[in-house]
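Chemist: Mind having a look at this structure? Questions to follow.
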Amino acid sequence: MKADTVRASSHVARVRLSSALDDESNRAVALPHRSMRRLLSYLSPHRVHVTLALAGVLLGTVASAAGPWLIGVAINRYISTGNLSGLDLTALAFVAVGAVGWGANYLELMNTTYFTQRALLAIRQDLFRHLQRLSLSFFDVNEAGRIMSRVQNDVEQVEDLLDGGLLGIVTDVLTLTVVALVLVLMNAPLGLLTLATVPLLALSVGSWHVKATRSAMRVRQTTAAVNSALQENISGVRVIQSLNREERNLKEFMQVNEADLDAHVKAGRIRATVFPVVEVLIAIATAVIIVYGGNMVLGARLQVGTLVAFALYVQRFFDPVRDLTMQWTLLQKTIASLVRITEVLETEPQIEDAPDAVYLPDIEGRICFEGVSFSYVEGIEVLRDINLEIRPGEIVALVGPTGAGKSTMASLICRFYQPTKGSILIDGHDLCHVSHKSFAGRIGLVLQEPFLFGGTIADNIRYGRLEANDGELMAAARAVGANEFIERLEHGYNSLVQERGNNLSAGQRQLISLARVLLADPRILILDEATANIDTETEVVIQQALRRLLSGRTAVIIAHRLSTVQDAHRIIVMKEGRIVETGSHDELLKQGGLYADLHSMAYDRG
């Protein structure tokens, strides 16, 4: 039985990893070229600094290439002739070349740091801005760990390329070009013979490139899967420990982690295949110089200094080849990361302002559903032909079995999703033709699990209305009954909120969220199971706060606890995505329908 459990756990982990990778691989096809163009667009505003860095690269390459030539000159002209004064001049030339190289390196590094950090700043800002614009449907299908991997790990990979890798490639290519040119100019026959190994090198690198590209993408994907699994286990640690899932979750994490290890090992194996080829080619080129060049020296057709310079230049030629192999690996990894960044940036929000979107004026709060149907997944309707009018200032409760579509209706009112069919109107304005900014401030949402942000309690209450002064803030807190417990805290309103408000009780978090909504002063209010996780004593306080909060506002209350909705002006009973009953509490009880059944079951449980 235990072995079956382990196998099942492993299967779950493999399925989670492979399905995510398949999805990413399919979406990432044909993005590399667009991704590189996007990277260049981030560099173009800093073309002056890029140009100065390139100038430093060029100057440094020329200075570096001058060394072997100076050694050859020293041997041919001065050492072989005993001209010591000429050696002094050569030494001074070496010092001058070193100074030029130092200045070139400084010019390159300073400007590279500037345009790299500026580009990364823009990339992170664009990712953050775009993620804020994306519809909830994007976050429904993408785990937080994968999103974080793209914003952090993938951007860091781009930093590795820009902060040396990109100009390193340019440096290596320039060095290869300069050295090849010098070899041919020094002695064309020997130079061309030495460079005859280049086609072999190009052939081996070309065959290696395809496998390297695939392995780089695989590595980025498995790393994202590890991050996703880690984030899920950290966020859900309370549930994990309460259900004694530590060992089983460890086994699942090991499966994902081992897949990441396997991807890295395979990538390393692919990288390792090209280095021996380079070493063999270096040995062949050196042997050619020794044999062919040595015969030329013995035949007085080549000077000894030139032969020594040739040997040094061969090392200078193949050193960039080694570096290019490493940089090419870095480039493949970065392209994989750029593809993943571009994929996020090119994801279009499902909900955007229409070209003819109007600014919503001050509203009364009338909400109309006209023939609204909705599907999260195509072909599976969650709501079916909903027709409903909620009058200004009316408090309407949505009740019904789990999965009836209550929270979906609330999400549609908040415009988190678009109706698949039909229209939702606010004061006669179709939400599809209303600007998001003008509507967002007119609606307030209180969730079953209130979310508190990092910062102080005052920061959280003021979150939706930053310009509110301390008096308004405290008035909102007093109105909902939060002021009493806040002032008992050591630092009062300046008390820091831990992650997700874990240093506060569920009731205290909910009171702060109610104060936040009250201070924002929305015209329409959505309460989604706002008292579901509250103890009886705290519920009394919150119910009093809700009465103040609901006064004069249009409100939609979603609740399973029927005692919280009995005072609503109307109760809408839903089942399987349809409205099946409408009326007041007393009217629905008299009808003896679904509401009466739900009420009876709740009473019997009591």
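Identifiers in this document derive from the order of the structure tokens: chains are assigned A, B, ..., residues are numbered from 1 separately in each chain, and ligands are numbered from 1 in order of occurrence.
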Can you pull out the residues contacting Val184 in chain A? Cut-off 12 Å, using only C-alpha atoms, and skip same-chain residues under 6 positions away; I want them as a list in words.
Modeler: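 Surrounding residues, per the criterion: Thr177, Val178, Leu190, Gly191, Leu192, Leu193, Thr194, Leu195, Ala196, Thr306, Phe310 and Tyr313 of chain A.
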Chemist: Could the residues in this selection be written to a file with C-alpha atoms, as a PDB file, in the first residue's frame?
Modeler:
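File part.pdb, as written:
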```pdb
ATOM      1  CA  THR A 177      38.718  38.993 -36.738  1.00  0.00           C
ATOM      2  CA  VAL A 178      41.731  41.070 -35.705  1.00  0.00           C
ATOM      3  CA  LEU A 190      51.193  30.202 -42.789  1.00  0.00           C
ATOM      4  CA  GLY A 191      48.243  32.308 -41.694  1.00  0.00           C
ATOM      5  CA  LEU A 192      45.803  30.698 -44.141  1.00  0.00           C
ATOM      6  CA  LEU A 193      47.084  27.230 -43.240  1.00  0.00           C
ATOM      7  CA  THR A 194      46.543  27.971 -39.560  1.00  0.00           C
ATOM      8  CA  LEU A 195      43.017  29.213 -40.203  1.00  0.00           C
ATOM      9  CA  ALA A 196      42.118  26.082 -42.185  1.00  0.00           C
ATOM     10  CA  THR A 306      57.429  35.942 -36.369  1.00  0.00           C
ATOM     11  CA  PHE A 310      52.331  33.161 -34.649  1.00  0.00           C
ATOM     12  CA  TYR A 313      48.446  34.515 -31.797  1.00  0.00           C
TER      13      TYR A 313
END
```
Chemist: Got a sec: who's within 10 Å of Tyr493 in chain A, counting only C-alpha atoms, leaving out chain neighbours fewer than 2 positions off, as a compact mmCIF listing (two decimals) with N, CA and C atoms, in the first residue's frame?
Modeler:
```
# COMPACT_ATOMS: atom_id res chain seq x y z
N THR A 456 1.89 49.25 7.54
CA THR A 456 1.19 49.45 8.80
C THR A 456 -0.30 49.25 8.62
N ILE A 457 -1.01 49.22 9.75
CA ILE A 457 -2.47 49.14 9.70
C ILE A 457 -3.03 50.37 9.00
N ALA A 458 -2.45 51.53 9.29
CA ALA A 458 -2.91 52.77 8.63
C ALA A 458 -2.73 52.68 7.12
N ASP A 459 -1.60 52.12 6.67
CA ASP A 459 -1.36 51.96 5.22
C ASP A 459 -2.44 51.10 4.60
N ASN A 460 -2.84 50.03 5.29
CA ASN A 460 -3.85 49.13 4.74
C ASN A 460 -5.23 49.77 4.67
N ILE A 461 -5.59 50.53 5.69
CA ILE A 461 -6.91 51.19 5.65
C ILE A 461 -6.93 52.27 4.58
N ASP A 470 -5.54 61.57 8.59
CA ASP A 470 -5.62 60.68 9.76
C ASP A 470 -7.00 60.71 10.40
N LEU A 473 -9.30 58.56 8.37
CA LEU A 473 -8.90 57.16 8.53
C LEU A 473 -9.44 56.60 9.85
N MET A 474 -9.25 57.34 10.92
CA MET A 474 -9.69 56.88 12.24
C MET A 474 -11.21 56.85 12.33
N ALA A 477 -12.30 53.65 10.80
CA ALA A 477 -12.04 52.54 11.71
C ALA A 477 -13.04 52.50 12.85
N ASN A 483 -11.46 50.49 15.66
CA ASN A 483 -10.61 51.42 16.41
C ASN A 483 -10.21 50.86 17.77
N ILE A 486 -7.37 48.30 17.50
CA ILE A 486 -6.17 48.92 16.94
C ILE A 486 -5.45 49.74 18.00
N GLU A 487 -6.20 50.49 18.81
CA GLU A 487 -5.57 51.34 19.82
C GLU A 487 -4.98 50.52 20.97
N ARG A 488 -5.40 49.27 21.10
CA ARG A 488 -4.81 48.41 22.14
C ARG A 488 -3.43 47.88 21.71
N LEU A 489 -3.15 47.93 20.42
CA LEU A 489 -1.85 47.47 19.94
C LEU A 489 -0.75 48.42 20.39
N GLU A 490 0.47 47.91 20.51
CA GLU A 490 1.57 48.71 21.05
C GLU A 490 1.79 49.99 20.26
N HIS A 491 1.74 49.89 18.94
CA HIS A 491 1.99 51.05 18.09
C HIS A 491 0.72 51.57 17.41
N SER A 495 1.18 50.08 13.81
CA SER A 495 1.62 48.70 14.00
C SER A 495 1.82 48.04 12.64
N LEU A 496 2.92 47.31 12.52
CA LEU A 496 3.22 46.65 11.26
C LEU A 496 2.37 45.39 11.09
```
Chemist: Got a sec: who's within 7 Å of range 581-595 of chain A, counting only C-alpha atoms, leaving out chain neighbours fewer than 3 positions off, as a PyMOL selection string?
Modeler: chain A and resi 566+569-573+598-599
Chemist: Among range 226-434 of chain A, which residues does DSSP mark as strand (DSSP E) when it is run on the backbone? Keep the chain and numbering as in the structure and answer as a list in words.
Modeler: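 DSSP-assigned strand (DSSP E) residues in range 226-434 of chain A: Ile367, Cys368, Phe369, Glu370, Gly371, Val372, Ser373, Phe374, Leu383, Arg384, Asp385, Ile386, Asn387, Leu388, Glu389, Ile390, Ile395, Val396, Ala397, Leu398, Val399, Lys421, Gly422, Ser423, Ile424, Leu425, Ile426, His429 and Asp430 of chain A.
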Chemist: For Gly101 in chain A, please output as a list in words all residues within 8 Å (counting only C-alpha atoms; exclusion window: fewer than 2 positions along the same chain).
Modeler: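 Those residues are Leu59, Gly60, Ala63, Ser64, Val97, Gly98, Ala99, Gly103, Ala104 and Asn105 of chain A.
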Chemist: Write the residues of the selection above to a file with C-alpha atoms, as an mmCIF file, in the first residue's frame.
Modeler:
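So the final result, stored in selection-v2.cif, reads:
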```cif
data_model
loop_
_atom_site.group_PDB
_atom_site.id
_atom_site.type_symbol
_atom_site.label_atom_id
_atom_site.label_comp_id
_atom_site.auth_asym_id
_atom_site.auth_seq_id
_atom_site.Cartn_x
_atom_site.Cartn_y
_atom_site.Cartn_z
ATOM 1 C CA LEU A 59 40.133 49.773 -28.255
ATOM 2 C CA GLY A 60 40.795 46.996 -25.755
ATOM 3 C CA ALA A 63 45.557 46.847 -27.432
ATOM 4 C CA SER A 64 45.389 43.147 -26.549
ATOM 5 C CA VAL A 97 49.501 49.294 -24.519
ATOM 6 C CA GLY A 98 48.658 48.188 -20.951
ATOM 7 C CA ALA A 99 47.522 51.713 -20.049
ATOM 8 C CA GLY A 103 41.351 52.785 -19.972
ATOM 9 C CA ALA A 104 39.401 50.772 -22.545
ATOM 10 C CA ASN A 105 38.310 48.274 -19.908
#
```
Chemist: Need to verify the contact set: Leu162 in chain A, 10 Å, only C-alpha atoms, exclusion of same-chain residues closer than 2 positions in sequence. Can you return it as a PyMOL selection string?
Modeler: chain A and resi 39+43+112-113+115-117+119-120+156-160+164-168+331+334
Chemist: Write out as CSV the residues of range 433-549 of chain A that have any atom within 10 Å of an atom of range 382-397 of chain A, one row each with the nearest atom pair and its distance in Å to one decimal, counting only C-alpha atoms, sorted by chain and then rising number.
Modeler:
```
residue,atom,partner,partner_atom,distance
A:Arg523,CA,A:Gly393,CA,8.7
A:Ile524,CA,A:Gly393,CA,8.5
A:Leu525,CA,A:Ile395,CA,9.3
A:Ile526,CA,A:Val396,CA,9.8
A:Leu527,CA,A:Ala397,CA,9.2
```
Chemist: Using only C-alpha atoms, determine which residues lie at most 7 Å from range 215-227 of chain A, disregarding the query and same-chain residues fewer than 3 positions distant; provide the list as a list in words.
Modeler: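 Returned residues: Leu17, Leu21, Gly145, Arg146, Ser149, Lys211, Ala212, Leu230, Gln231, Val256, Asn257, Ala259, Asp260, Ala263, His264, Ala267, Gln332, Lys333, Ala336 and Ser337 of chain A.
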Chemist: Going by DSSP on the backbone, which residues of range 350-543 of chain A come out as helix (DSSP H, G or I)? List them as a PyMOL selection string.
Modeler: chain A and resi 406-413+431-433+436-440+457-461+470-479+483-488+492-494+499-501+506-520+536-543
Chemist: Contacts of His33 in chain A at 12 Å or less, counting only C-alpha atoms, minus same-chain residues fewer than 4 places along, as a list in words?
Modeler: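 The residues that qualify are Ala28, Val29, Arg37, Arg38, Leu39, Leu40, Ile335, Ala336, Leu338, Val339 and Thr342 of chain A.
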Chemist: Okay, now the selection with N, CA and C atoms, as a tab-separated table (two decimals), in the first residue's frame?
Modeler:
```tsv
chain	number	residue	atom	x	y	z
A	28	ALA	N	5.94	28.72	-26.76
A	28	ALA	CA	7.18	29.46	-26.96
A	28	ALA	C	7.74	29.34	-28.37
A	29	VAL	N	7.07	28.59	-29.25
A	29	VAL	CA	7.57	28.42	-30.61
A	29	VAL	C	7.58	29.76	-31.34
A	37	ARG	N	14.56	41.17	-30.61
A	37	ARG	CA	14.19	42.54	-31.01
A	37	ARG	C	13.69	43.33	-29.81
A	38	ARG	N	12.96	42.66	-28.93
A	38	ARG	CA	12.47	43.34	-27.74
A	38	ARG	C	13.64	43.76	-26.85
A	39	LEU	N	14.64	42.89	-26.72
A	39	LEU	CA	15.81	43.23	-25.92
A	39	LEU	C	16.51	44.45	-26.51
A	40	LEU	N	16.66	44.49	-27.82
A	40	LEU	CA	17.30	45.64	-28.47
A	40	LEU	C	16.49	46.91	-28.24
A	335	ILE	N	18.22	33.59	-24.32
A	335	ILE	CA	17.14	33.58	-25.32
A	335	ILE	C	15.93	32.84	-24.76
A	336	ALA	N	16.19	31.72	-24.07
A	336	ALA	CA	15.09	30.98	-23.45
A	336	ALA	C	14.37	31.87	-22.43
A	338	LEU	N	14.36	35.20	-22.41
A	338	LEU	CA	13.69	36.29	-23.14
A	338	LEU	C	12.38	35.81	-23.76
A	339	VAL	N	12.38	34.57	-24.23
A	339	VAL	CA	11.15	34.00	-24.79
A	339	VAL	C	10.06	33.97	-23.72
A	342	THR	N	8.98	37.54	-22.95
A	342	THR	CA	8.17	38.05	-24.07
A	342	THR	C	6.79	37.42	-24.07
```
Chemist: Considering only C-alpha atoms, can you say which of A:Leu302, A:Ala479, A:Ile169, A:Met326 comes closest to Arg516 in chain A?
Modeler: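 The shortest atom-to-atom distance to Arg516 in chain A comes from A:Ala479.
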Chemist: CA of Gly577 in chain A and CA of Ser373 in chain A, how far apart in Å?
Modeler: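 Computing the Euclidean distance for CA of Ser373 in chain A and CA of Gly577 in chain A yields 8.5 Å.
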